[in-house]
Structure formats: structure tokens, C-alpha cells
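Enquirer: One file: target_0.txt (compact mmCIF, C-alpha atoms).
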# COMPACT_ATOMS: atom_id res chain seq x y z
CA MET A 208 86.77 81.27 23.89
CA GLY A 209 85.38 77.74 23.48
CA PHE A 210 81.84 78.39 22.29
CA ILE A 211 82.59 81.45 20.12
CA GLY A 212 85.67 79.78 18.64
CA ASP A 213 83.68 76.66 17.80
CA THR A 214 80.96 78.77 16.22
CA VAL A 215 83.37 80.73 14.03
CA GLU A 216 85.11 77.51 13.08
CA SER A 217 81.87 75.79 12.15
CA ILE A 218 80.77 78.70 9.95
CA ARG A 219 84.18 78.70 8.21
CA SER A 220 84.08 74.98 7.49
CA ILE A 221 80.67 75.07 5.77
CA GLN A 222 80.47 73.18 2.49
CA ILE A 223 78.15 74.09 -0.36
CA ARG A 224 76.06 70.89 0.00
CA GLN A 225 75.71 71.49 3.68
CA VAL A 226 74.54 75.04 3.03
CA LEU A 227 71.89 73.75 0.63
CA ALA A 228 70.76 71.13 3.14
CA GLN A 229 70.44 73.77 5.81
CA ILE A 230 68.44 76.09 3.57
CA ILE A 231 66.07 73.22 2.89
CA SER A 232 65.71 72.32 6.57
CA LEU A 233 65.06 75.99 7.38
CA GLY A 234 62.40 76.01 4.67
CA MET A 235 60.86 72.89 6.19
CA ILE A 236 60.61 74.57 9.59
CA VAL A 237 58.95 77.69 8.16
CA THR A 238 56.50 75.77 5.97
CA SER A 239 55.52 73.31 8.70
CA ALA A 240 54.74 76.24 11.02
CA LEU A 241 52.58 77.68 8.22
CA ILE A 242 50.89 74.29 7.69
CA ILE A 243 50.03 74.02 11.39
CA TRP A 244 48.59 77.56 11.47
CA LYS A 245 46.52 77.14 8.28
CA GLY A 246 45.43 73.66 9.42
CA LEU A 247 44.18 75.15 12.69
CA MET A 248 42.28 77.78 10.71
CA VAL A 249 40.49 75.06 8.72
CA ALA A 250 39.83 72.88 11.77
CA THR A 251 38.43 75.68 13.92
CA GLY A 252 36.71 77.67 11.19
CA SER A 253 38.08 80.89 12.66
CA GLU A 254 40.39 83.27 10.83
CA SER A 255 42.58 83.58 13.92
CA PRO A 256 42.37 80.34 15.93
CA VAL A 257 44.53 81.62 18.80
CA VAL A 258 44.33 85.08 20.37
CA VAL A 259 46.29 86.73 23.18
CA VAL A 260 44.40 88.54 25.95
CA LEU A 261 45.70 92.12 26.05
CA SER A 262 43.57 93.78 28.74
CA GLY A 263 42.31 93.00 32.21
CA SER A 264 38.63 93.47 31.35
CA MET A 265 37.85 89.76 31.84
CA GLU A 266 39.72 89.31 35.14
CA PRO A 267 39.84 87.16 37.17
CA GLY A 268 38.91 84.68 34.41
CA PHE A 269 41.47 85.81 31.87
CA LYS A 270 44.51 87.90 32.66
CA ARG A 271 46.76 89.84 30.33
CA GLY A 272 49.09 87.37 28.62
CA ASP A 273 46.75 84.35 28.61
CA ILE A 274 46.00 82.77 25.25
CA LEU A 275 42.56 81.66 24.09
CA PHE A 276 41.67 79.00 21.55
CA LEU A 277 38.78 80.00 19.34
CA HIS A 278 36.23 77.92 17.53
CA MET A 279 33.70 79.17 15.01
CA SER A 280 31.00 76.55 14.61
CA LYS A 281 27.60 76.87 12.98
CA ASP A 282 25.91 76.81 16.40
CA PRO A 283 24.10 80.05 17.19
CA ILE A 284 25.62 82.47 19.71
CA ARG A 285 24.05 82.27 23.19
CA THR A 286 24.40 84.28 26.38
CA GLY A 287 27.34 83.40 28.60
CA GLU A 288 29.67 82.51 25.76
CA ILE A 289 32.93 84.40 25.54
CA VAL A 290 33.29 85.74 22.01
CA VAL A 291 36.02 87.57 20.14
CA PHE A 292 34.65 90.37 17.99
CA ASN A 293 35.82 93.10 15.65
CA ILE A 294 34.38 96.59 15.72
CA ASP A 295 34.42 98.65 12.51
CA GLY A 296 37.18 101.24 12.83
CA ARG A 297 39.06 99.37 15.55
CA GLU A 298 42.10 97.30 14.73
CA ILE A 299 42.35 95.15 17.82
CA PRO A 300 39.66 92.51 18.41
CA ILE A 301 37.97 92.39 21.83
CA VAL A 302 37.31 89.31 24.02
CA HIS A 303 34.13 89.71 26.12
CA ARG A 304 31.13 87.77 27.36
CA VAL A 305 27.69 87.81 25.70
CA ILE A 306 24.98 89.09 28.07
CA LYS A 307 22.02 89.56 25.69
CA VAL A 308 20.83 87.74 22.59
CA HIS A 309 17.82 88.56 20.43
CA GLU A 310 17.34 86.15 17.54
CA ARG A 311 14.85 86.58 14.65
CA GLU A 312 12.77 83.58 13.74
CA GLU A 313 12.82 83.46 9.94
CA SER A 314 16.23 84.97 9.11
CA ALA A 315 18.06 83.73 12.25
CA GLU A 316 19.74 87.14 12.38
CA VAL A 317 21.02 87.95 15.84
CA ASP A 318 21.50 91.06 17.93
CA ILE A 319 24.20 90.52 20.55
CA LEU A 320 25.30 92.65 23.49
CA THR A 321 28.58 91.95 25.31
CA LYS A 322 30.27 92.98 28.55
CA GLY A 323 33.67 92.39 30.16
CA ASP A 324 33.36 90.44 33.44
CA ASN A 325 35.53 93.02 35.18
CA ASN A 326 33.89 96.08 33.60
CA PHE A 327 31.10 97.98 35.28
CA GLY A 328 28.90 98.62 32.27
CA ASP A 329 28.15 96.89 28.98
CA ASP A 330 30.17 97.38 25.79
CA ARG A 331 28.01 99.95 23.96
CA LEU A 332 30.66 102.59 24.72
CA LEU A 333 33.26 100.46 22.93
CA TYR A 334 31.14 99.85 19.84
CA ALA A 335 31.20 102.17 16.84
CA HIS A 336 29.38 105.48 17.36
CA GLY A 337 25.64 104.84 17.49
CA GLN A 338 26.02 101.05 17.29
CA LEU A 339 23.72 99.26 19.74
CA TRP A 340 24.24 95.60 18.82
CA LEU A 341 26.82 93.20 17.45
CA HIS A 342 25.79 90.97 14.54
CA GLN A 343 27.04 87.63 13.31
CA HIS A 344 29.62 89.17 10.96
CA HIS A 345 31.38 90.98 13.82
CA ILE A 346 32.09 87.70 15.62
CA MET A 347 35.46 86.09 14.90
CA GLY A 348 34.99 83.09 17.14
CA ARG A 349 34.05 81.86 20.57
CA ALA A 350 36.62 80.94 23.20
CA VAL A 351 36.62 77.20 23.99
CA GLY A 352 39.85 76.76 25.90
CA PHE A 353 42.70 78.73 27.36
CA LEU A 354 46.30 78.53 28.54
CA PRO A 355 47.74 80.96 31.08
CA TYR A 356 50.91 83.05 30.60
CA VAL A 357 51.89 81.69 27.15
CA GLY A 358 50.85 84.93 25.43
CA TRP A 359 53.49 86.94 27.25
CA VAL A 360 55.97 85.80 24.59
CA THR A 361 54.10 87.70 21.87
CA ILE A 362 53.32 90.68 24.13
CA ILE A 363 57.01 91.10 24.95
CA MET A 364 58.01 90.68 21.32
CA THR A 365 55.56 93.29 20.05
CA GLU A 366 56.42 95.78 22.77
CA LYS A 367 60.19 95.25 22.65
CA PRO A 368 61.10 94.53 18.99
CA PHE A 369 64.78 94.38 20.02
CA ILE A 370 64.16 91.06 21.79
CA LYS A 371 62.38 89.72 18.71
CA TYR A 372 65.39 90.41 16.46
CA LEU A 373 67.75 88.96 19.08
CA LEU A 374 65.69 85.78 19.18
CA ILE A 375 65.44 85.48 15.38
CA GLY A 376 69.21 86.09 15.11
CA ALA A 377 70.02 83.46 17.73
CA LEU A 378 67.75 80.89 16.08
CA GLY A 379 69.24 81.65 12.65
CA LEU A 380 72.78 81.17 14.01
CA LEU A 381 71.70 77.91 15.60
CA VAL A 382 70.33 76.60 12.30
CA ILE A 383 73.48 77.62 10.39
CA THR A 384 75.90 76.09 12.87
CA SER A 385 74.06 72.85 13.62
CA LYS A 386 75.51 69.85 11.79
CA GLU A 387 72.83 67.24 11.36
CA MET B 286 78.91 65.38 22.20
CA HIS B 287 75.95 67.57 23.09
CA SER B 288 76.47 71.30 23.50
CA TRP B 289 74.75 73.20 26.30
CA VAL B 290 72.47 74.86 23.75
CA GLN B 291 71.22 71.48 22.61
CA ARG B 292 70.67 70.34 26.19
CA LEU B 293 68.75 73.54 26.97
CA LEU B 294 66.55 73.14 23.89
CA THR B 295 65.81 69.50 24.65
CA THR B 296 64.92 70.31 28.26
CA ALA B 297 62.62 73.17 27.20
CA THR B 298 60.89 71.06 24.54
CA THR B 299 60.33 68.16 26.93
CA ALA B 300 59.00 70.48 29.63
CA ALA B 301 56.57 72.12 27.18
CA LEU B 302 55.34 68.74 25.91
CA LEU B 303 54.82 67.42 29.45
CA LEU B 304 52.88 70.54 30.47
CA LEU B 305 50.73 70.22 27.36
CA ALA B 306 50.05 66.55 28.12
CA ALA B 307 49.13 67.37 31.74
CA CYS B 308 46.77 70.09 30.51
CA CYS B 309 45.06 67.73 28.01
CA ALA B 310 44.78 65.03 30.69
CA ALA B 311 43.14 67.50 33.11
CA SER B 312 40.60 68.56 30.48
CA ALA B 313 39.88 64.92 29.59
CA LEU B 314 39.28 64.09 33.27
CA ASP B 315 36.91 67.07 33.57
CA ALA B 316 34.88 65.71 30.65
CA PHE B 317 34.02 62.62 32.73
CA HIS B 318 33.03 64.66 35.76
CA VAL B 319 29.23 64.67 36.09
CA PRO B 320 28.06 67.53 38.33
CA SER B 321 24.66 67.56 40.05
CA VAL B 322 23.45 71.12 40.41
CA GLN B 323 20.42 71.94 42.53
CA ALA B 324 18.84 75.34 42.12
CA GLN B 325 15.64 77.29 42.56
CA ALA B 326 14.77 80.86 41.67
CA HIS B 327 11.58 82.89 41.95
CA VAL B 328 10.69 86.45 41.13
CA THR B 329 9.51 88.06 44.38
CA LYS B 330 8.70 91.58 43.20
CA ILE B 331 8.35 93.64 40.04
CA ASN B 332 9.92 96.94 41.10
CA ARG B 333 9.20 98.99 38.02
CA PHE B 334 7.67 98.19 34.64
CA HIS B 335 7.39 100.94 32.06
CA LYS B 336 7.92 101.87 28.45
CA GLN B 337 11.09 103.81 27.72
CA LEU B 338 11.07 106.93 25.52
CA ASN B 339 12.50 104.88 22.64
CA GLY B 340 9.50 102.53 22.84
CA ASN B 341 11.19 99.55 24.52
CA ASP B 342 9.64 97.91 27.58
CA LYS B 343 11.86 97.96 30.67
CA VAL B 344 11.46 95.91 33.84
CA THR B 345 13.45 95.95 37.05
CA LEU B 346 12.66 93.12 39.42
CA THR B 347 13.77 91.37 42.59
CA PHE B 348 14.27 87.62 42.79
CA ASN B 349 15.53 85.05 45.23
CA LEU B 350 17.94 82.34 44.19
CA SER B 351 19.19 79.30 46.04
CA ALA B 352 21.75 77.24 44.18
CA ASN B 353 24.26 74.64 45.22
CA LEU B 354 27.07 74.67 42.67
CA GLU B 355 29.68 72.89 44.79
CA SER B 356 29.64 69.82 42.54
CA LEU B 357 30.89 71.89 39.58
CA PHE B 358 34.29 72.33 41.20
CA THR B 359 37.10 69.88 40.47
CA TRP B 360 40.80 70.14 41.33
CA SER B 361 41.53 72.05 38.12
CA THR B 362 38.70 74.61 38.38
CA LYS B 363 39.74 78.25 38.65
CA GLN B 364 36.32 79.82 38.94
CA VAL B 365 32.67 79.39 38.05
CA PHE B 366 30.82 82.22 36.36
CA VAL B 367 27.13 81.87 37.19
CA PHE B 368 24.32 83.98 35.78
CA LEU B 369 20.56 84.15 35.55
CA THR B 370 18.74 85.02 32.34
CA ALA B 371 15.17 85.80 31.42
CA GLU B 372 14.16 84.00 28.22
CA TYR B 373 11.00 84.48 26.16
CA GLU B 374 9.62 84.53 22.64
CA ASN B 375 7.75 87.33 20.96
CA SER B 376 6.45 88.13 17.49
CA LYS B 377 9.72 89.79 16.48
CA ASN B 378 12.22 87.30 17.88
CA SER B 379 12.12 83.53 18.26
CA LEU B 380 14.56 83.83 21.14
CA ASN B 381 15.26 86.63 23.60
CA GLN B 382 17.91 85.92 26.25
CA VAL B 383 18.54 88.76 28.66
CA SER B 384 21.01 88.53 31.53
CA LEU B 385 19.52 89.75 34.81
CA TRP B 386 22.33 89.01 37.26
CA ASP B 387 25.76 87.39 37.32
CA HIS B 388 28.32 86.37 39.90
CA ILE B 389 31.85 84.96 39.98
CA ILE B 390 32.46 82.09 42.42
CA PRO B 391 36.20 81.86 43.13
CA ASP B 392 36.18 78.60 45.11
CA LYS B 393 34.09 75.71 46.33
CA ASP B 394 33.49 77.15 49.83
CA LYS B 395 31.48 79.96 48.30
CA ALA B 396 29.48 77.84 45.86
CA ASN B 397 26.37 77.45 47.96
CA LEU B 398 24.35 80.52 47.06
CA GLN B 399 21.35 81.91 48.96
CA VAL B 400 20.53 85.38 47.72
CA GLU B 401 17.64 87.76 47.30
CA VAL B 402 18.72 90.56 44.98
CA LYS B 403 17.54 93.19 42.57
CA SER B 404 18.29 92.47 38.94
CA LYS B 405 21.78 93.78 38.18
CA TYR B 406 20.81 94.45 34.56
CA PRO B 407 17.25 95.55 33.71
CA LEU B 408 15.10 93.37 31.47
CA ILE B 409 14.76 95.50 28.34
CA ASP B 410 12.72 94.23 25.40
CA GLN B 411 13.29 94.99 21.73
CA GLY B 412 9.94 96.70 21.32
CA SER B 413 7.00 96.55 23.71
CA SER B 414 5.84 92.95 23.95
CA LEU B 415 6.34 92.38 27.67
CA ARG B 416 2.85 93.17 29.06
CA GLY B 417 1.35 89.88 30.24
CA LYS B 418 4.34 87.97 28.84
CA LYS B 419 5.33 84.61 30.28
CA VAL B 420 9.08 84.64 30.97
CA GLN B 421 11.35 81.72 31.83
CA LEU B 422 14.17 82.10 34.39
CA VAL B 423 17.24 80.08 33.42
CA LEU B 424 20.41 79.55 35.46
CA HIS B 425 23.61 79.27 33.40
CA TRP B 426 27.11 78.41 34.51
CA HIS B 427 30.49 78.61 32.84
CA VAL B 428 33.24 76.57 34.46
CA MET B 429 36.67 78.06 33.80
CA PRO B 430 39.65 75.77 34.49
CA LYS B 431 43.18 76.78 35.48
CA ALA B 432 44.14 75.71 31.95
CA GLY B 433 42.32 73.80 29.25
CA VAL B 434 38.75 73.43 28.03
CA MET B 435 35.89 75.54 29.44
CA ILE B 436 32.52 73.94 30.19
CA ARG B 437 29.11 75.57 29.86
CA ASP B 438 25.69 74.36 30.91
CA ARG B 439 22.24 75.62 31.89
CA MET B 440 19.15 74.71 33.87
CA ALA B 441 15.64 76.09 33.39
CA LEU B 442 14.23 77.10 36.78
CA SER B 443 10.81 78.76 36.92
CA GLU B 444 8.38 80.78 34.88
CA PHE B 445 6.71 84.01 35.82
CA ASN B 446 4.12 86.28 34.24
CA LEU B 447 4.67 89.99 33.87
CA PRO B 448 1.70 92.19 34.78
CA ASP B 449 -0.82 93.21 32.10
CA SER B 450 -0.18 96.91 32.62
CA TYR B 451 2.76 99.18 33.34
CA THR B 452 3.42 100.15 36.96
CA SER B 453 4.10 103.81 36.23
I'd like the structure from this file rewritten - as C-alpha cells, please.

Expert:
Amino acid sequence: MGFIGDTVESIRSIQIRQVLAQIISLGMIVTSALIIWKGLMVATGSESPVVVVLSGSMEPGFKRGDILFLHMSKDPIRTGEIVVFNIDGREIPIVHRVIKVHEREESAEVDILTKGDNNFGDDRLLYAHGQLWLHQHHIMGRAVGFLPYVGWVTIIMTEKPFIKYLLIGALGLLVITSKE
Amino acid sequence: MHSWVQRLLTTATTAALLLLAACCAASALDAFHVPSVQAQAHVTKINRFHKQLNGNDKVTLTFNLSANLESLFTWSTKQVFVFLTAEYENSKNSLNQVSLWDHIIPDKDKANLQVEVKSKYPLIDQGSSLRGKKVQLVLHWHVMPKAGVMIRDRMALSEFNLPDSYTS
């Protein structure tokens, strides 16, 4: 009875000023999250500074559920780097290692070939039909650091939307009922 | 005064912050670690050298490699990804880097490599510039930690000349 009763009581006793204050503090939380994300985008130069590993193609280096931090500097792409790239006609970006680089002298255009550490062959089968090489514009960023397991939160939330709504609901209730 | 929800949140936040700090500290320590890698590699045989139907030169070769990578490992290292590339210039490209072989070293006990192997990936040119070409063998390594910042480095090993004519 205690917790539920307290909760109901605290919702009932809400004053209009308090409601306004809570709306503002909720707004602060949302906007500061947005500021951090956009700030990371500017600092790393990558349109998605953090990605979640979804497949086991880079095991044992990266497992499903690990998160990678990306950086997109002006430095040219070289073999051995782990890059995140988009293929035309595919929605989900891929994280694999560069195994070949051919770079033109005057235009500095590059042809790149990638492969997953845990895959047998290179990635030409994953590329668009007839595509032999990746170019600079396919590359979203290179992986510079990683954290294990953290990405499971987003994997679970995308695969089980029910848990996402439960979490959002619980957080919303917490914000409404907190008195500070 | 504090409800159990508040206590739970505070505990979780503190735990996350401490883990983050430990992770940053580990990466910072790794930055001061100066490894001393010793390595040698030589091409021992050109197995096949020909021009493919699409006009690109293709070489398969055998090389020996001895490399001591033990000093790359620290307490927070998960694995070292080591690979050998052939690098050369030609009239079309100012840089060609082609992976010939790679290997994952899971721990320090296995970091002293002595191998003689065939190239895992063939050396395929963009075009046919490889006859008589001088090619540099370069050893690269990519140190992947249990969490944190990854480190990459390379060491040029030896040069070899491809033959002036195709073998078949």
C-alpha cells in the first residue's frame, strides 16, 4: 500500500506552479540530452558518433551489443582501420575492417575493400550489385574506442518495444512525482 | 527521507560513473605504454604471377614472418589483430595497400610468431603494373582493449622485387 498510496497522494497534491516547474525540468532533461548528442556530432565530425554492433562478423573483437565510438577526421583511410559504412539500398550501416586501399595521386580519391574479421571472404557480396569498391562518401566514420555490453539496452528496446514504453512510463511517473 | 527508487538511481549513477572513470584511466595508462616490437618478414617464393581475364595482375606468394608482439599486451588488452600488407606506388595510384595475411592473437603467450605461410589474400593490382615492381612488406597491428581506446601502429619490414615476366 505504502508506495502506491504515496504516489497517488503526491499526484493529487500537485499545485499548478509545481506542474510548471516539472514541465521545465523535463524540458531541461530532453534538451540537454539533445545538446550532448549534437555536441558529440560536432566534436567527432560523424553523423552518428556512437553505433551499436548488431552482428557477430567482427568477433572476437566486437560482439553483438558492444558500442563503438566513431571519429571522422580528415586523415585518409588506411588498411587495418575499422570503418562504419553505408551501402546504397541498405538501411543498416556495417562495421568492418579495411583490407585494401588504392589511392589516386592527384584527386586523392580512394578505392576501399573491407572484410569482417570473423567472415571467410571479403565484403563484395554485401556491396550493391556490381559494386567492387567503397569510396569516401560511403564511410560514416572510423571506430576509435569501444565499450562492451552497453548496446544491449538499445537492442532490447528495439526488439521488445513493450519494455521501451514501460521504461518511458516509469521515468515519466518518476519526474511527475518527484518533489525537488 | 530517501525512497528506495532514489537510492537505486543514485547507486546506478555512481556505479556507471565509476566504471566510466576506470575505463578512461585504463586508456590513459595504455597511452603511456611504449611497446618494442621486433619483426622480420621475407618473401620466400612467388607461387603464381599472371594477368587475370579482367586485365589485373594477380600474385600469390609465400613468405616467412618472425615477430615478437608480446610487448603490445597490457593488463587491459583483449586481443591484437596483426596483419601484413604489400605497399607500392604505380602510375595510377600514389598508394596501394593490399592485405596479404592477418591473424588474431588472443593473449600474450601466443604473441611470439614464427610462421611460413602462403598469402591468405592474393596481391591483386588495379591494372597491370606489377611486372618488375618493387613492393614493400609492412607489418601492422591493431591493439583492441577490453574497453576503451584502440591503438594502431605499423612497421616497414622488407622490400622485394616481382619478376619481370608472368609465371604462367

Enquirer: How close does each residue of chain B get to chain A, giving the shortest atom pair and distance in Å to one decimal for every residue with an atom at most 10 Å away, counting only C-alpha atoms, sorted by chain and residue number, as a tab-separated table?

Expert:
residue	atom	partner	partner_atom	distance
B:Ser288	CA	A:Phe210	CA	9.0
B:Trp289	CA	A:Phe210	CA	9.7
B:Val290	CA	A:Leu381	CA	8.7
B:Gln291	CA	A:Leu381	CA	9.5
B:Leu305	CA	A:Leu354	CA	9.5
B:Cys308	CA	A:Leu354	CA	8.7
B:Ser312	CA	A:Gly352	CA	9.4
B:Lys363	CA	A:Gly268	CA	7.7
B:Gln364	CA	A:Gly268	CA	7.1
B:Val365	CA	A:Gly268	CA	9.0
B:Phe366	CA	A:Gly287	CA	8.6
B:Val367	CA	A:Gly287	CA	8.7
B:Phe368	CA	A:Gly287	CA	7.8
B:Leu369	CA	A:Gly287	CA	9.7
B:Thr370	CA	A:Thr286	CA	8.3
B:Ala371	CA	A:Lys307	CA	9.7
B:Glu372	CA	A:Val308	CA	9.5
B:Tyr373	CA	A:His309	CA	9.8
B:Glu374	CA	A:Glu310	CA	9.4
B:Asn375	CA	A:Arg311	CA	9.5
B:Ser376	CA	A:Glu312	CA	8.6
B:Lys377	CA	A:Arg311	CA	6.3
B:Asn378	CA	A:Arg311	CA	4.2
B:Ser379	CA	A:Glu312	CA	4.6
B:Leu380	CA	A:Glu310	CA	5.1
B:Asn381	CA	A:His309	CA	4.5
B:Gln382	CA	A:Val308	CA	5.0
B:Val383	CA	A:Lys307	CA	4.6
B:Ser384	CA	A:Ile306	CA	5.3
B:Leu385	CA	A:Ile306	CA	8.7
B:Trp386	CA	A:Ile306	CA	9.6
B:Asp387	CA	A:Asp324	CA	9.1
B:His388	CA	A:Asp324	CA	9.1
B:Ile389	CA	A:Asp324	CA	8.7
B:Pro391	CA	A:Pro267	CA	8.8
B:Tyr406	CA	A:Gly328	CA	9.4
B:Leu408	CA	A:Lys307	CA	9.8
B:Ile409	CA	A:Lys307	CA	9.7
B:Asp410	CA	A:His309	CA	9.1
B:Gln411	CA	A:His309	CA	8.0
B:His425	CA	A:Gly287	CA	7.3
B:Trp426	CA	A:Gly287	CA	7.7
B:His427	CA	A:Gly287	CA	7.1
B:Val428	CA	A:Gly268	CA	9.9
B:Met429	CA	A:Gly268	CA	7.0
B:Pro430	CA	A:Phe353	CA	8.3
B:Lys431	CA	A:Pro355	CA	7.6
B:Ala432	CA	A:Leu354	CA	4.9
B:Gly433	CA	A:Gly352	CA	5.1
B:Val434	CA	A:Gly352	CA	4.1
B:Met435	CA	A:Gly352	CA	5.4
B:Ile436	CA	A:Val351	CA	8.1
B:Arg437	CA	A:Glu288	CA	8.1
B:Asp438	CA	A:Gly287	CA	9.5
B:Arg439	CA	A:Gly287	CA	9.9

Enquirer: Got time to write the residues from that selection, C-alpha atoms, as a CSV table (one decimal), in the coordinates of the input?

Expert:
chain,number,residue,atom,x,y,z
B,288,SER,CA,76.5,71.3,23.5
B,289,TRP,CA,74.8,73.2,26.3
B,290,VAL,CA,72.5,74.9,23.8
B,291,GLN,CA,71.2,71.5,22.6
B,305,LEU,CA,50.7,70.2,27.4
B,308,CYS,CA,46.8,70.1,30.5
B,312,SER,CA,40.6,68.6,30.5
B,363,LYS,CA,39.7,78.2,38.6
B,364,GLN,CA,36.3,79.8,38.9
B,365,VAL,CA,32.7,79.4,38.0
B,366,PHE,CA,30.8,82.2,36.4
B,367,VAL,CA,27.1,81.9,37.2
B,368,PHE,CA,24.3,84.0,35.8
B,369,LEU,CA,20.6,84.2,35.6
B,370,THR,CA,18.7,85.0,32.3
B,371,ALA,CA,15.2,85.8,31.4
B,372,GLU,CA,14.2,84.0,28.2
B,373,TYR,CA,11.0,84.5,26.2
B,374,GLU,CA,9.6,84.5,22.6
B,375,ASN,CA,7.8,87.3,21.0
B,376,SER,CA,6.4,88.1,17.5
B,377,LYS,CA,9.7,89.8,16.5
B,378,ASN,CA,12.2,87.3,17.9
B,379,SER,CA,12.1,83.5,18.3
B,380,LEU,CA,14.6,83.8,21.1
B,381,ASN,CA,15.3,86.6,23.6
B,382,GLN,CA,17.9,85.9,26.2
B,383,VAL,CA,18.5,88.8,28.7
B,384,SER,CA,21.0,88.5,31.5
B,385,LEU,CA,19.5,89.8,34.8
B,386,TRP,CA,22.3,89.0,37.3
B,387,ASP,CA,25.8,87.4,37.3
B,388,HIS,CA,28.3,86.4,39.9
B,389,ILE,CA,31.8,85.0,40.0
B,391,PRO,CA,36.2,81.9,43.1
B,406,TYR,CA,20.8,94.4,34.6
B,408,LEU,CA,15.1,93.4,31.5
B,409,ILE,CA,14.8,95.5,28.3
B,410,ASP,CA,12.7,94.2,25.4
B,411,GLN,CA,13.3,95.0,21.7
B,425,HIS,CA,23.6,79.3,33.4
B,426,TRP,CA,27.1,78.4,34.5
B,427,HIS,CA,30.5,78.6,32.8
B,428,VAL,CA,33.2,76.6,34.5
B,429,MET,CA,36.7,78.1,33.8
B,430,PRO,CA,39.6,75.8,34.5
B,431,LYS,CA,43.2,76.8,35.5
B,432,ALA,CA,44.1,75.7,32.0
B,433,GLY,CA,42.3,73.8,29.2
B,434,VAL,CA,38.8,73.4,28.0
B,435,MET,CA,35.9,75.5,29.4
B,436,ILE,CA,32.5,73.9,30.2
B,437,ARG,CA,29.1,75.6,29.9
B,438,ASP,CA,25.7,74.4,30.9
B,439,ARG,CA,22.2,75.6,31.9

Enquirer: How would you write as a PyMOL selection string the residues that get within 8 Å of (38.0, 85.4, 7.5) in the file's frame, counting only C-alpha atoms?

Expert: chain A and resi 253-254+347

Enquirer: State, in Å with one decimal place, the distance from CA of Leu332 in chain A to CA of Ser262 in chain A.

Expert: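 Interatomic distance, CA of Leu332 in chain A to CA of Ser262 in chain A: 16.1 Å.
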
Enquirer: Pick out the residues sitting within 10 Å of Val322 in chain B, and hand them over as a list of chain:residue names; count all atoms listed in the file, and ignore anything fewer than 2 positions along from it in its own chain.

Expert: B:Val319, B:Pro320, B:Ala324, B:Ala352, B:Asn353, B:Leu354, B:Glu355, B:Ser356, B:Leu357, B:Arg439, B:Met440

Enquirer: Closest to Gln343 in chain A among A:Pro368, A:Gly296, A:Gly376, A:Pro283, using all atoms listed in the file?

Expert: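 Comparing A:Pro368, A:Gly296, A:Gly376, A:Pro283 against Gln343 in chain A, the winner is A:Pro283.
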
Enquirer: Between B:Trp360, B:Lys343, B:Leu294, B:Asn446, single out the one closest to Asp315 in chain B, counting all atoms listed in the file.

Expert: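 The shortest atom-to-atom distance to Asp315 in chain B comes from B:Trp360.
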
Enquirer: For CA of His278 in chain A and CA of Arg304 in chain A, quote the distance in Å rounded to one decimal.

Expert: 14.8 Å

Enquirer: Determine the axis-aligned bounding box of all atoms of range 390-400 of chain B present in the file, pad each side by 5 Å, and express its centre and edge lengths in Å to one decimal place as JSON.

Expert:
{"center_x": 28.4, "center_y": 80.5, "center_z": 46.1, "size_x": 25.7, "size_y": 19.7, "size_z": 17.4}

Enquirer: Hey, which of A:Thr361, A:Asp213, A:Ser264, A:Phe292 ends up closest to Phe327 in chain A? Count only C-alpha atoms.

Expert: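 When distances to Phe327 in chain A are compared using only C-alpha atoms, the smallest one comes from A:Ser264.
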
Enquirer: Could you tell me how far CA of Asp392 in chain B lies from CA of Thr362 in chain B, in Å and to one decimal?

Expert: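 Computed distance, CA of Asp392 in chain B to CA of Thr362 in chain B, equals 8.2 Å.
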
Enquirer: Please determine the residues with any atom at most 9 Å from (21.8, 81.2, 49.6) (coordinates as given in the file, with only C-alpha atoms counting) and report them as a PyMOL selection string.

Expert: chain B and resi 349-353+397-401
